[in-house]
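What follows is the content of final.txt, which has compact mmCIF, N, CA and C atoms:
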```
# COMPACT_ATOMS: atom_id res chain seq x y z
N MET A 780 15.85 -26.64 18.89
CA MET A 780 15.43 -25.76 19.96
C MET A 780 13.97 -25.38 19.72
N ILE A 781 13.12 -25.61 20.66
CA ILE A 781 11.71 -25.27 20.57
C ILE A 781 11.36 -24.40 21.76
N SER A 782 10.85 -23.22 21.49
CA SER A 782 10.47 -22.28 22.54
C SER A 782 11.59 -22.07 23.55
N GLY A 783 12.83 -22.00 23.06
CA GLY A 783 13.95 -21.70 23.94
C GLY A 783 14.43 -22.87 24.78
N ARG A 784 13.93 -24.07 24.54
CA ARG A 784 14.36 -25.24 25.32
C ARG A 784 14.96 -26.27 24.39
N ASP A 785 16.06 -26.89 24.82
CA ASP A 785 16.64 -28.00 24.08
C ASP A 785 15.81 -29.25 24.36
N ILE A 786 15.60 -30.03 23.31
CA ILE A 786 14.91 -31.31 23.52
C ILE A 786 15.78 -32.41 22.93
N SER A 787 15.68 -33.57 23.48
CA SER A 787 16.41 -34.74 22.98
C SER A 787 15.40 -35.77 22.53
N LEU A 788 15.63 -36.33 21.37
CA LEU A 788 14.75 -37.35 20.82
C LEU A 788 15.54 -38.63 20.64
N SER A 789 14.91 -39.73 20.96
CA SER A 789 15.55 -41.02 20.69
C SER A 789 15.31 -41.36 19.22
N SER A 790 16.11 -42.23 18.70
CA SER A 790 16.02 -42.64 17.31
C SER A 790 14.60 -43.11 17.00
N GLY A 791 14.03 -42.60 15.91
CA GLY A 791 12.68 -42.99 15.51
C GLY A 791 11.59 -42.16 16.15
N SER A 792 11.94 -41.22 17.02
CA SER A 792 10.94 -40.36 17.67
C SER A 792 10.60 -39.19 16.76
N LEU A 793 9.46 -38.61 17.00
CA LEU A 793 8.98 -37.49 16.21
C LEU A 793 8.61 -36.35 17.15
N ALA A 794 9.06 -35.15 16.82
CA ALA A 794 8.69 -33.97 17.60
C ALA A 794 7.71 -33.16 16.77
N VAL A 795 6.62 -32.76 17.38
CA VAL A 795 5.63 -31.93 16.70
C VAL A 795 5.82 -30.51 17.19
N CYS A 796 6.08 -29.62 16.26
CA CYS A 796 6.30 -28.21 16.60
C CYS A 796 4.99 -27.45 16.44
N PRO A 797 4.80 -26.46 17.27
CA PRO A 797 3.58 -25.65 17.12
C PRO A 797 3.64 -24.88 15.81
N GLU A 798 2.47 -24.63 15.24
CA GLU A 798 2.40 -23.88 14.00
C GLU A 798 2.76 -22.42 14.28
N VAL A 799 3.60 -21.86 13.45
CA VAL A 799 4.01 -20.47 13.60
C VAL A 799 3.12 -19.62 12.70
N GLU A 800 2.50 -18.63 13.30
CA GLU A 800 1.61 -17.76 12.54
C GLU A 800 2.42 -16.67 11.85
N GLU A 801 2.18 -16.47 10.56
CA GLU A 801 2.87 -15.44 9.80
C GLU A 801 2.33 -14.06 10.20
N LEU A 802 3.25 -13.12 10.40
CA LEU A 802 2.85 -11.75 10.71
C LEU A 802 2.43 -11.07 9.41
N LEU A 803 1.19 -10.60 9.35
CA LEU A 803 0.67 -9.97 8.15
C LEU A 803 0.63 -8.47 8.31
N GLY A 804 0.73 -7.77 7.21
CA GLY A 804 0.77 -6.31 7.24
C GLY A 804 -0.31 -5.70 6.38
N ALA A 805 -0.15 -4.39 6.12
CA ALA A 805 -1.14 -3.65 5.34
C ALA A 805 -0.46 -2.50 4.60
N ILE A 806 -1.08 -2.12 3.49
CA ILE A 806 -0.65 -0.96 2.70
C ILE A 806 -1.90 -0.13 2.42
N GLY A 807 -1.76 1.17 2.53
CA GLY A 807 -2.89 2.03 2.20
C GLY A 807 -2.59 3.48 2.46
N ASP A 808 -3.57 4.30 2.28
CA ASP A 808 -3.64 5.70 2.67
C ASP A 808 -4.66 6.42 1.82
N ARG A 809 -4.25 7.39 0.99
CA ARG A 809 -5.23 8.32 0.45
C ARG A 809 -4.89 8.76 -0.97
N VAL A 810 -5.94 8.94 -1.77
CA VAL A 810 -5.84 9.62 -3.06
C VAL A 810 -6.58 10.93 -2.87
N TRP A 811 -5.88 12.06 -3.07
CA TRP A 811 -6.50 13.34 -2.72
C TRP A 811 -6.35 14.38 -3.82
N LEU A 812 -7.23 15.40 -3.75
CA LEU A 812 -7.24 16.51 -4.70
C LEU A 812 -6.43 17.66 -4.12
N ASP A 813 -5.31 17.93 -4.73
CA ASP A 813 -4.40 19.00 -4.30
C ASP A 813 -4.94 20.31 -4.85
N SER A 814 -5.31 21.23 -3.97
CA SER A 814 -6.02 22.43 -4.40
C SER A 814 -5.11 23.57 -4.84
N PHE A 815 -3.85 23.52 -4.50
CA PHE A 815 -2.90 24.60 -4.81
C PHE A 815 -3.23 25.90 -4.10
N SER A 816 -4.27 25.93 -3.30
CA SER A 816 -4.67 27.18 -2.65
C SER A 816 -3.69 27.64 -1.59
N THR A 817 -2.91 26.73 -1.05
CA THR A 817 -1.95 27.11 0.00
C THR A 817 -0.54 27.26 -0.54
N GLY A 818 -0.34 26.96 -1.82
CA GLY A 818 0.99 27.06 -2.40
C GLY A 818 1.89 25.89 -2.06
N THR A 819 1.35 24.85 -1.46
CA THR A 819 2.16 23.68 -1.11
C THR A 819 1.73 22.50 -1.96
N GLU A 820 2.08 22.55 -3.23
CA GLU A 820 1.73 21.48 -4.15
C GLU A 820 2.42 20.19 -3.72
N GLY A 821 1.69 19.10 -3.81
CA GLY A 821 2.26 17.81 -3.46
C GLY A 821 2.24 17.50 -1.98
N VAL A 822 1.62 18.38 -1.19
CA VAL A 822 1.51 18.18 0.26
C VAL A 822 0.03 18.19 0.61
N GLN A 823 -0.40 17.21 1.41
CA GLN A 823 -1.80 17.20 1.85
C GLN A 823 -2.00 18.30 2.88
N ASP A 824 -2.81 19.27 2.52
CA ASP A 824 -3.13 20.37 3.43
C ASP A 824 -4.51 20.15 4.02
N ALA A 825 -4.73 20.73 5.19
CA ALA A 825 -6.04 20.64 5.84
C ALA A 825 -7.11 21.13 4.88
N GLY A 826 -8.18 20.39 4.79
CA GLY A 826 -9.31 20.78 3.96
C GLY A 826 -9.25 20.29 2.52
N GLU A 827 -8.11 19.72 2.10
CA GLU A 827 -8.06 19.19 0.74
C GLU A 827 -8.81 17.86 0.71
N PRO A 828 -9.79 17.74 -0.19
CA PRO A 828 -10.66 16.55 -0.17
C PRO A 828 -9.99 15.32 -0.78
N GLY A 829 -10.45 14.17 -0.32
CA GLY A 829 -10.07 12.92 -0.96
C GLY A 829 -10.86 12.76 -2.24
N ILE A 830 -10.40 11.88 -3.10
CA ILE A 830 -11.10 11.60 -4.35
C ILE A 830 -11.81 10.26 -4.21
N ASN A 831 -13.12 10.29 -4.26
CA ASN A 831 -13.96 9.11 -4.08
C ASN A 831 -14.00 8.27 -5.36
N GLY A 832 -14.08 6.96 -5.21
CA GLY A 832 -14.34 6.07 -6.33
C GLY A 832 -13.16 5.77 -7.23
N VAL A 833 -11.94 6.00 -6.76
CA VAL A 833 -10.75 5.69 -7.56
C VAL A 833 -10.38 4.23 -7.33
N THR A 834 -10.16 3.50 -8.42
CA THR A 834 -9.74 2.10 -8.32
C THR A 834 -8.24 2.05 -8.08
N VAL A 835 -7.85 1.39 -6.99
CA VAL A 835 -6.45 1.21 -6.63
C VAL A 835 -6.18 -0.29 -6.68
N THR A 836 -5.10 -0.67 -7.36
CA THR A 836 -4.78 -2.08 -7.54
C THR A 836 -3.44 -2.40 -6.90
N LEU A 837 -3.35 -3.58 -6.31
CA LEU A 837 -2.12 -4.05 -5.68
C LEU A 837 -1.58 -5.23 -6.49
N LEU A 838 -0.30 -5.13 -6.86
CA LEU A 838 0.40 -6.18 -7.60
C LEU A 838 1.55 -6.70 -6.76
N ASP A 839 1.91 -7.97 -6.94
CA ASP A 839 3.05 -8.52 -6.22
C ASP A 839 4.35 -8.21 -6.98
N ALA A 840 5.47 -8.71 -6.48
CA ALA A 840 6.78 -8.42 -7.07
C ALA A 840 6.89 -8.89 -8.51
N GLY A 841 6.12 -9.90 -8.88
CA GLY A 841 6.13 -10.41 -10.25
C GLY A 841 5.15 -9.71 -11.17
N GLY A 842 4.45 -8.68 -10.65
CA GLY A 842 3.46 -7.97 -11.44
C GLY A 842 2.12 -8.66 -11.51
N ASN A 843 1.93 -9.66 -10.66
CA ASN A 843 0.67 -10.40 -10.62
C ASN A 843 -0.35 -9.69 -9.74
N PHE A 844 -1.60 -9.74 -10.16
CA PHE A 844 -2.70 -9.14 -9.41
C PHE A 844 -2.82 -9.77 -8.02
N VAL A 845 -2.94 -8.91 -7.00
CA VAL A 845 -3.17 -9.37 -5.63
C VAL A 845 -4.57 -8.98 -5.18
N ALA A 846 -4.92 -7.70 -5.35
CA ALA A 846 -6.22 -7.21 -4.88
C ALA A 846 -6.52 -5.87 -5.51
N THR A 847 -7.78 -5.47 -5.40
CA THR A 847 -8.19 -4.15 -5.83
C THR A 847 -9.06 -3.54 -4.74
N ALA A 848 -9.01 -2.22 -4.65
CA ALA A 848 -9.83 -1.49 -3.68
C ALA A 848 -10.35 -0.23 -4.36
N GLU A 849 -11.44 0.29 -3.84
CA GLU A 849 -11.97 1.55 -4.34
C GLU A 849 -11.91 2.56 -3.21
N THR A 850 -11.44 3.76 -3.53
CA THR A 850 -11.33 4.77 -2.48
C THR A 850 -12.71 5.15 -1.96
N SER A 851 -12.74 5.42 -0.67
CA SER A 851 -13.98 5.83 0.00
C SER A 851 -14.19 7.33 -0.25
N GLY A 852 -15.24 7.87 0.32
CA GLY A 852 -15.57 9.27 0.15
C GLY A 852 -14.46 10.22 0.54
N ASP A 853 -13.64 9.82 1.49
CA ASP A 853 -12.52 10.68 1.92
C ASP A 853 -11.23 10.33 1.19
N GLY A 854 -11.33 9.46 0.17
CA GLY A 854 -10.17 9.12 -0.64
C GLY A 854 -9.30 8.01 -0.09
N ASN A 855 -9.69 7.43 1.04
CA ASN A 855 -8.86 6.40 1.67
C ASN A 855 -9.06 5.04 1.01
N TYR A 856 -7.99 4.23 1.05
CA TYR A 856 -8.04 2.84 0.60
C TYR A 856 -7.13 2.02 1.51
N LEU A 857 -7.33 0.70 1.52
CA LEU A 857 -6.53 -0.16 2.39
C LEU A 857 -6.47 -1.57 1.81
N PHE A 858 -5.25 -2.12 1.80
CA PHE A 858 -5.03 -3.54 1.51
C PHE A 858 -4.47 -4.15 2.78
N SER A 859 -5.16 -5.13 3.36
CA SER A 859 -4.70 -5.73 4.61
C SER A 859 -4.48 -7.23 4.43
N GLY A 860 -3.90 -7.85 5.47
CA GLY A 860 -3.64 -9.28 5.44
C GLY A 860 -2.53 -9.65 4.47
N LEU A 861 -1.53 -8.77 4.33
CA LEU A 861 -0.46 -8.97 3.35
C LEU A 861 0.79 -9.57 3.98
N PRO A 862 1.36 -10.60 3.35
CA PRO A 862 2.65 -11.11 3.82
C PRO A 862 3.77 -10.13 3.42
N ALA A 863 4.91 -10.26 4.06
CA ALA A 863 6.06 -9.43 3.71
C ALA A 863 6.40 -9.63 2.24
N GLY A 864 6.86 -8.56 1.60
CA GLY A 864 7.26 -8.68 0.20
C GLY A 864 7.27 -7.34 -0.49
N ASP A 865 7.60 -7.38 -1.77
CA ASP A 865 7.61 -6.19 -2.61
C ASP A 865 6.29 -6.11 -3.37
N TYR A 866 5.72 -4.91 -3.39
CA TYR A 866 4.43 -4.69 -4.02
C TYR A 866 4.48 -3.44 -4.89
N THR A 867 3.52 -3.34 -5.81
CA THR A 867 3.29 -2.12 -6.56
C THR A 867 1.83 -1.75 -6.38
N VAL A 868 1.60 -0.49 -6.01
CA VAL A 868 0.25 0.04 -5.85
C VAL A 868 0.00 0.94 -7.06
N THR A 869 -1.12 0.72 -7.76
CA THR A 869 -1.41 1.53 -8.93
C THR A 869 -2.78 2.19 -8.81
N VAL A 870 -2.88 3.38 -9.37
CA VAL A 870 -4.14 4.11 -9.46
C VAL A 870 -4.60 4.01 -10.91
N ASP A 871 -5.87 3.71 -11.12
CA ASP A 871 -6.41 3.62 -12.47
C ASP A 871 -6.42 5.03 -13.08
N PRO A 872 -5.62 5.27 -14.13
CA PRO A 872 -5.55 6.61 -14.71
C PRO A 872 -6.88 7.10 -15.25
N ASP A 873 -7.77 6.19 -15.65
CA ASP A 873 -9.09 6.61 -16.13
C ASP A 873 -9.90 7.28 -15.02
N ASP A 874 -9.66 6.86 -13.77
CA ASP A 874 -10.41 7.41 -12.64
C ASP A 874 -9.92 8.80 -12.24
N VAL A 875 -8.75 9.19 -12.72
CA VAL A 875 -8.21 10.53 -12.42
C VAL A 875 -7.98 11.30 -13.72
N ALA A 876 -8.73 10.93 -14.77
CA ALA A 876 -8.63 11.63 -16.06
C ALA A 876 -8.98 13.10 -15.86
N GLY A 877 -8.25 13.97 -16.53
CA GLY A 877 -8.47 15.41 -16.39
C GLY A 877 -7.72 16.01 -15.22
N LEU A 878 -7.01 15.18 -14.46
CA LEU A 878 -6.20 15.65 -13.33
C LEU A 878 -4.74 15.35 -13.63
N PHE A 879 -3.83 16.09 -13.00
CA PHE A 879 -2.42 15.75 -13.17
C PHE A 879 -1.82 15.46 -11.80
N PRO A 880 -0.85 14.55 -11.76
CA PRO A 880 -0.26 14.14 -10.48
C PRO A 880 0.60 15.23 -9.86
N THR A 881 0.43 15.42 -8.55
CA THR A 881 1.27 16.37 -7.81
C THR A 881 2.11 15.67 -6.76
N PHE A 882 1.77 14.42 -6.43
CA PHE A 882 2.54 13.67 -5.44
C PHE A 882 2.50 12.19 -5.80
N ASP A 883 3.68 11.58 -5.74
CA ASP A 883 3.82 10.14 -5.96
C ASP A 883 4.69 9.60 -4.85
N PHE A 884 4.22 8.61 -4.15
CA PHE A 884 4.88 8.06 -2.96
C PHE A 884 6.34 7.72 -3.19
N ASP A 885 6.66 7.08 -4.30
CA ASP A 885 8.05 6.67 -4.52
C ASP A 885 8.84 7.67 -5.37
N GLY A 886 8.21 8.78 -5.73
CA GLY A 886 8.92 9.86 -6.41
C GLY A 886 9.31 9.60 -7.85
N SER A 887 8.72 8.62 -8.49
CA SER A 887 9.08 8.30 -9.87
C SER A 887 8.24 9.13 -10.83
N ALA A 888 8.87 10.08 -11.50
CA ALA A 888 8.15 10.93 -12.46
C ALA A 888 7.68 10.14 -13.67
N LEU A 889 8.33 9.01 -13.95
CA LEU A 889 7.94 8.20 -15.11
C LEU A 889 6.67 7.41 -14.87
N THR A 890 6.36 7.12 -13.61
CA THR A 890 5.18 6.32 -13.28
C THR A 890 4.41 6.98 -12.13
N PRO A 891 3.80 8.14 -12.38
CA PRO A 891 3.15 8.87 -11.29
C PRO A 891 1.91 8.19 -10.73
N ASP A 892 1.33 7.25 -11.48
CA ASP A 892 0.13 6.57 -11.02
C ASP A 892 0.43 5.24 -10.36
N GLU A 893 1.70 5.00 -10.00
CA GLU A 893 2.06 3.77 -9.29
C GLU A 893 3.17 4.04 -8.30
N ALA A 894 3.23 3.19 -7.28
CA ALA A 894 4.24 3.33 -6.23
C ALA A 894 4.77 1.95 -5.86
N ALA A 895 6.09 1.84 -5.76
CA ALA A 895 6.73 0.61 -5.31
C ALA A 895 6.82 0.64 -3.79
N VAL A 896 6.44 -0.47 -3.16
CA VAL A 896 6.42 -0.55 -1.70
C VAL A 896 7.04 -1.88 -1.27
N THR A 897 7.98 -1.82 -0.33
CA THR A 897 8.51 -3.03 0.29
C THR A 897 7.91 -3.12 1.68
N LEU A 898 7.25 -4.23 1.96
CA LEU A 898 6.54 -4.42 3.23
C LEU A 898 7.26 -5.48 4.05
N GLY A 899 7.65 -5.14 5.27
CA GLY A 899 8.26 -6.10 6.18
C GLY A 899 7.19 -6.93 6.88
N ALA A 900 7.60 -7.99 7.55
CA ALA A 900 6.67 -8.86 8.27
C ALA A 900 5.91 -8.06 9.32
N GLY A 901 4.60 -8.07 9.25
CA GLY A 901 3.76 -7.37 10.21
C GLY A 901 3.73 -5.86 10.05
N GLU A 902 4.38 -5.32 9.02
CA GLU A 902 4.46 -3.87 8.85
C GLU A 902 3.13 -3.30 8.34
N ILE A 903 2.75 -2.17 8.90
CA ILE A 903 1.56 -1.43 8.46
C ILE A 903 2.07 -0.13 7.83
N ASN A 904 1.95 -0.01 6.51
CA ASN A 904 2.41 1.19 5.81
C ASN A 904 1.19 1.95 5.32
N LEU A 905 0.84 2.99 6.05
CA LEU A 905 -0.32 3.82 5.69
C LEU A 905 0.16 5.19 5.22
N LEU A 906 1.17 5.18 4.36
CA LEU A 906 1.75 6.41 3.83
C LEU A 906 1.76 6.46 2.31
N VAL A 907 1.09 5.52 1.66
CA VAL A 907 1.17 5.42 0.20
C VAL A 907 0.07 6.28 -0.42
N ASP A 908 0.38 7.58 -0.53
CA ASP A 908 -0.56 8.59 -1.03
C ASP A 908 -0.37 8.85 -2.52
N PHE A 909 -1.42 9.37 -3.12
CA PHE A 909 -1.36 9.86 -4.50
C PHE A 909 -2.11 11.18 -4.53
N GLY A 910 -1.44 12.26 -4.93
CA GLY A 910 -2.06 13.57 -5.03
C GLY A 910 -2.27 13.97 -6.48
N TYR A 911 -3.40 14.61 -6.74
CA TYR A 911 -3.74 15.07 -8.09
C TYR A 911 -4.34 16.46 -8.01
N ALA A 912 -4.17 17.24 -9.08
CA ALA A 912 -4.77 18.57 -9.15
C ALA A 912 -5.49 18.73 -10.47
N GLU A 913 -6.43 19.66 -10.49
CA GLU A 913 -7.17 19.93 -11.72
C GLU A 913 -6.29 20.70 -12.69
N LEU A 914 -6.45 20.39 -13.97
CA LEU A 914 -5.74 21.14 -15.01
C LEU A 914 -6.33 22.53 -15.08
N ARG A 915 -5.48 23.52 -15.24
CA ARG A 915 -5.99 24.90 -15.30
C ARG A 915 -5.73 25.49 -16.65
```
Whole structure given in structure tokens:
Amino acid sequence: MISGRDISLSSGSLAVCPEVEELLGAIGDRVWLDSFSTGTEGVQDAGEPGINGVTVTLLDAGGNFVATAETSGDGNYLFSGLPAGDYTVTVDPDDVAGLFPTFDFDGSALTPDEAAVTLGAGEINLLVDFGYAELR
């Protein structure tokens, strides 16, 4: 079946099918400084700044390097052009030295500087945040 139509081929005939384009997705969002001023730790509140210059790394399901990004002035990062699959997003702990994590996307207290993400075909997941606060 090609494009919803049945085709019949005689013996020795060849059918050429159109190339199917893979739906690609994206993973990203923000690394931010949680100020604790509103009492809502682990929640991005209005006015809380992003953290600039943080290295964020994307690994595939096998732990292999896929890409790296650096957060912009507002703390945003983005990995685009990704096929469906399981990924791990990591924040370089050296870039957030002196800060402690207040929010981790996948909720794993054992690995606060990384998040496991499953991306469907064509899915855009812009919810993979990492929150940090200054030690007091």
Tell me, which residues of chain A carry DSSP helix (DSSP H, G or I), written as an MDAnalysis selection string?
chainID A and resid 872:875
Contacts of range 851-864 of chain A at 7 Å or less, counting only C-alpha atoms, minus same-chain residues fewer than 4 places along, as a list of chain:residue names?
A:Leu802, A:Leu803, A:Gly804, A:Ala805, A:Ile806, A:Gly807, A:Asp808, A:Arg809, A:Val810, A:Trp811, A:Pro828, A:Gly829, A:Ile830, A:Asn831, A:Gly832, A:Thr897, A:Leu898, A:Gly899, A:Ala900
Exercise: residues within 8 Å of coordinate (-8.2, 16.5, -7.5), counting all atoms listed in the file, as a VMD selection string
chain A and resid 810 to 814 828 to 830 875 877 to 879 910 to 914
For a test of reading the model, state the distance in Å between atom N of Glu902 in chain A and CA of Val799 in chain A, rounded to one decimal.
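Computing it gives 15.8 Å between the two atoms.
Relative to CA of Ala895 in chain A, CA of Phe909 in chain A is found at 12.3 Å.
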Using only C-alpha atoms, find all polymer residues with an atom at most 8 Å away from the point (-0.8, 7.7, -16.2); report them as a list of chain:residue names.
A:Asp871, A:Pro872, A:Thr890, A:Pro891, A:Asp892
Pick the closest to Thr869 in chain A from A:Gly841, A:Ala848, A:Thr836, A:Thr881: which is it, counting only C-alpha atoms?
A:Thr836
Just give me the gap between CA of Glu820 in chain A and CA of Leu837 in chain A in Å, one decimal is fine.
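Distance reported for this atom pair: 25.9 Å.
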I'd like to know which of A:Glu801, A:Val833, A:Gly821, A:Ser787 is closest to Pro880 in chain A, using all atoms listed in the file.
A:Gly821
DSSP strand (DSSP E) selection over range 787-899 of chain A, as a short mmCIF file (atom, residue, chain, number, x, y, z; two decimals) with N, CA and C atoms, in the frame of the given file:
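Dumped to part_5.cif:
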```
data_model
loop_
_atom_site.label_atom_id
_atom_site.label_comp_id
_atom_site.auth_asym_id
_atom_site.auth_seq_id
_atom_site.Cartn_x
_atom_site.Cartn_y
_atom_site.Cartn_z
N GLY A 804 0.73 -7.77 7.21
CA GLY A 804 0.77 -6.31 7.24
C GLY A 804 -0.31 -5.70 6.38
N ALA A 805 -0.15 -4.39 6.12
CA ALA A 805 -1.14 -3.65 5.34
C ALA A 805 -0.46 -2.50 4.60
N ILE A 806 -1.08 -2.12 3.49
CA ILE A 806 -0.65 -0.96 2.70
C ILE A 806 -1.90 -0.13 2.42
N GLY A 807 -1.76 1.17 2.53
CA GLY A 807 -2.89 2.03 2.20
C GLY A 807 -2.59 3.48 2.46
N ASP A 808 -3.57 4.30 2.28
CA ASP A 808 -3.64 5.70 2.67
C ASP A 808 -4.66 6.42 1.82
N ARG A 809 -4.25 7.39 0.99
CA ARG A 809 -5.23 8.32 0.45
C ARG A 809 -4.89 8.76 -0.97
N VAL A 810 -5.94 8.94 -1.77
CA VAL A 810 -5.84 9.62 -3.06
C VAL A 810 -6.58 10.93 -2.87
N TRP A 811 -5.88 12.06 -3.07
CA TRP A 811 -6.50 13.34 -2.72
C TRP A 811 -6.35 14.38 -3.82
N LEU A 812 -7.23 15.40 -3.75
CA LEU A 812 -7.24 16.51 -4.70
C LEU A 812 -6.43 17.66 -4.12
N THR A 834 -10.16 3.50 -8.42
CA THR A 834 -9.74 2.10 -8.32
C THR A 834 -8.24 2.05 -8.08
N VAL A 835 -7.85 1.39 -6.99
CA VAL A 835 -6.45 1.21 -6.63
C VAL A 835 -6.18 -0.29 -6.68
N THR A 836 -5.10 -0.67 -7.36
CA THR A 836 -4.78 -2.08 -7.54
C THR A 836 -3.44 -2.40 -6.90
N LEU A 837 -3.35 -3.58 -6.31
CA LEU A 837 -2.12 -4.05 -5.68
C LEU A 837 -1.58 -5.23 -6.49
N LEU A 838 -0.30 -5.13 -6.86
CA LEU A 838 0.40 -6.18 -7.60
C LEU A 838 1.55 -6.70 -6.76
N ASP A 839 1.91 -7.97 -6.94
CA ASP A 839 3.05 -8.52 -6.22
C ASP A 839 4.35 -8.21 -6.98
N PHE A 844 -1.60 -9.74 -10.16
CA PHE A 844 -2.70 -9.14 -9.41
C PHE A 844 -2.82 -9.77 -8.02
N VAL A 845 -2.94 -8.91 -7.00
CA VAL A 845 -3.17 -9.37 -5.63
C VAL A 845 -4.57 -8.98 -5.18
N ALA A 846 -4.92 -7.70 -5.35
CA ALA A 846 -6.22 -7.21 -4.88
C ALA A 846 -6.52 -5.87 -5.51
N THR A 847 -7.78 -5.47 -5.40
CA THR A 847 -8.19 -4.15 -5.83
C THR A 847 -9.06 -3.54 -4.74
N ALA A 848 -9.01 -2.22 -4.65
CA ALA A 848 -9.83 -1.49 -3.68
C ALA A 848 -10.35 -0.23 -4.36
N GLU A 849 -11.44 0.29 -3.84
CA GLU A 849 -11.97 1.55 -4.34
C GLU A 849 -11.91 2.56 -3.21
N ASN A 855 -9.69 7.43 1.04
CA ASN A 855 -8.86 6.40 1.67
C ASN A 855 -9.06 5.04 1.01
N TYR A 856 -7.99 4.23 1.05
CA TYR A 856 -8.04 2.84 0.60
C TYR A 856 -7.13 2.02 1.51
N LEU A 857 -7.33 0.70 1.52
CA LEU A 857 -6.53 -0.16 2.39
C LEU A 857 -6.47 -1.57 1.81
N PHE A 858 -5.25 -2.12 1.80
CA PHE A 858 -5.03 -3.54 1.51
C PHE A 858 -4.47 -4.15 2.78
N SER A 859 -5.16 -5.13 3.36
CA SER A 859 -4.70 -5.73 4.61
C SER A 859 -4.48 -7.23 4.43
N GLY A 860 -3.90 -7.85 5.47
CA GLY A 860 -3.64 -9.28 5.44
C GLY A 860 -2.53 -9.65 4.47
N LEU A 861 -1.53 -8.77 4.33
CA LEU A 861 -0.46 -8.97 3.35
C LEU A 861 0.79 -9.57 3.98
N GLY A 864 6.86 -8.56 1.60
CA GLY A 864 7.26 -8.68 0.20
C GLY A 864 7.27 -7.34 -0.49
N ASP A 865 7.60 -7.38 -1.77
CA ASP A 865 7.61 -6.19 -2.61
C ASP A 865 6.29 -6.11 -3.37
N TYR A 866 5.72 -4.91 -3.39
CA TYR A 866 4.43 -4.69 -4.02
C TYR A 866 4.48 -3.44 -4.89
N THR A 867 3.52 -3.34 -5.81
CA THR A 867 3.29 -2.12 -6.56
C THR A 867 1.83 -1.75 -6.38
N VAL A 868 1.60 -0.49 -6.01
CA VAL A 868 0.25 0.04 -5.85
C VAL A 868 0.00 0.94 -7.06
N THR A 869 -1.12 0.72 -7.76
CA THR A 869 -1.41 1.53 -8.93
C THR A 869 -2.78 2.19 -8.81
N VAL A 870 -2.88 3.38 -9.37
CA VAL A 870 -4.14 4.11 -9.46
C VAL A 870 -4.60 4.01 -10.91
N LEU A 878 -7.01 15.18 -14.46
CA LEU A 878 -6.20 15.65 -13.33
C LEU A 878 -4.74 15.35 -13.63
N PHE A 879 -3.83 16.09 -13.00
CA PHE A 879 -2.42 15.75 -13.17
C PHE A 879 -1.82 15.46 -11.80
N PRO A 880 -0.85 14.55 -11.76
CA PRO A 880 -0.26 14.14 -10.48
C PRO A 880 0.60 15.23 -9.86
N THR A 881 0.43 15.42 -8.55
CA THR A 881 1.27 16.37 -7.81
C THR A 881 2.11 15.67 -6.76
N PHE A 882 1.77 14.42 -6.43
CA PHE A 882 2.54 13.67 -5.44
C PHE A 882 2.50 12.19 -5.80
N ASP A 883 3.68 11.58 -5.74
CA ASP A 883 3.82 10.14 -5.96
C ASP A 883 4.69 9.60 -4.85
N GLU A 893 1.70 5.00 -10.00
CA GLU A 893 2.06 3.77 -9.29
C GLU A 893 3.17 4.04 -8.30
N ALA A 894 3.23 3.19 -7.28
CA ALA A 894 4.24 3.33 -6.23
C ALA A 894 4.77 1.95 -5.86
N ALA A 895 6.09 1.84 -5.76
CA ALA A 895 6.73 0.61 -5.31
C ALA A 895 6.82 0.64 -3.79
N VAL A 896 6.44 -0.47 -3.16
CA VAL A 896 6.42 -0.55 -1.70
C VAL A 896 7.04 -1.88 -1.27
N THR A 897 7.98 -1.82 -0.33
CA THR A 897 8.51 -3.03 0.29
C THR A 897 7.91 -3.12 1.68
N LEU A 898 7.25 -4.23 1.96
CA LEU A 898 6.54 -4.42 3.23
C LEU A 898 7.26 -5.48 4.05
#
```
Calculated over all atoms listed in the file, which of the candidates A:Asp865, A:Ala840, A:Glu800, A:Ala894 has the smallest distance to Val907 in chain A?
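Among the listed residues, A:Ala894 lies closest to Val907 in chain A.
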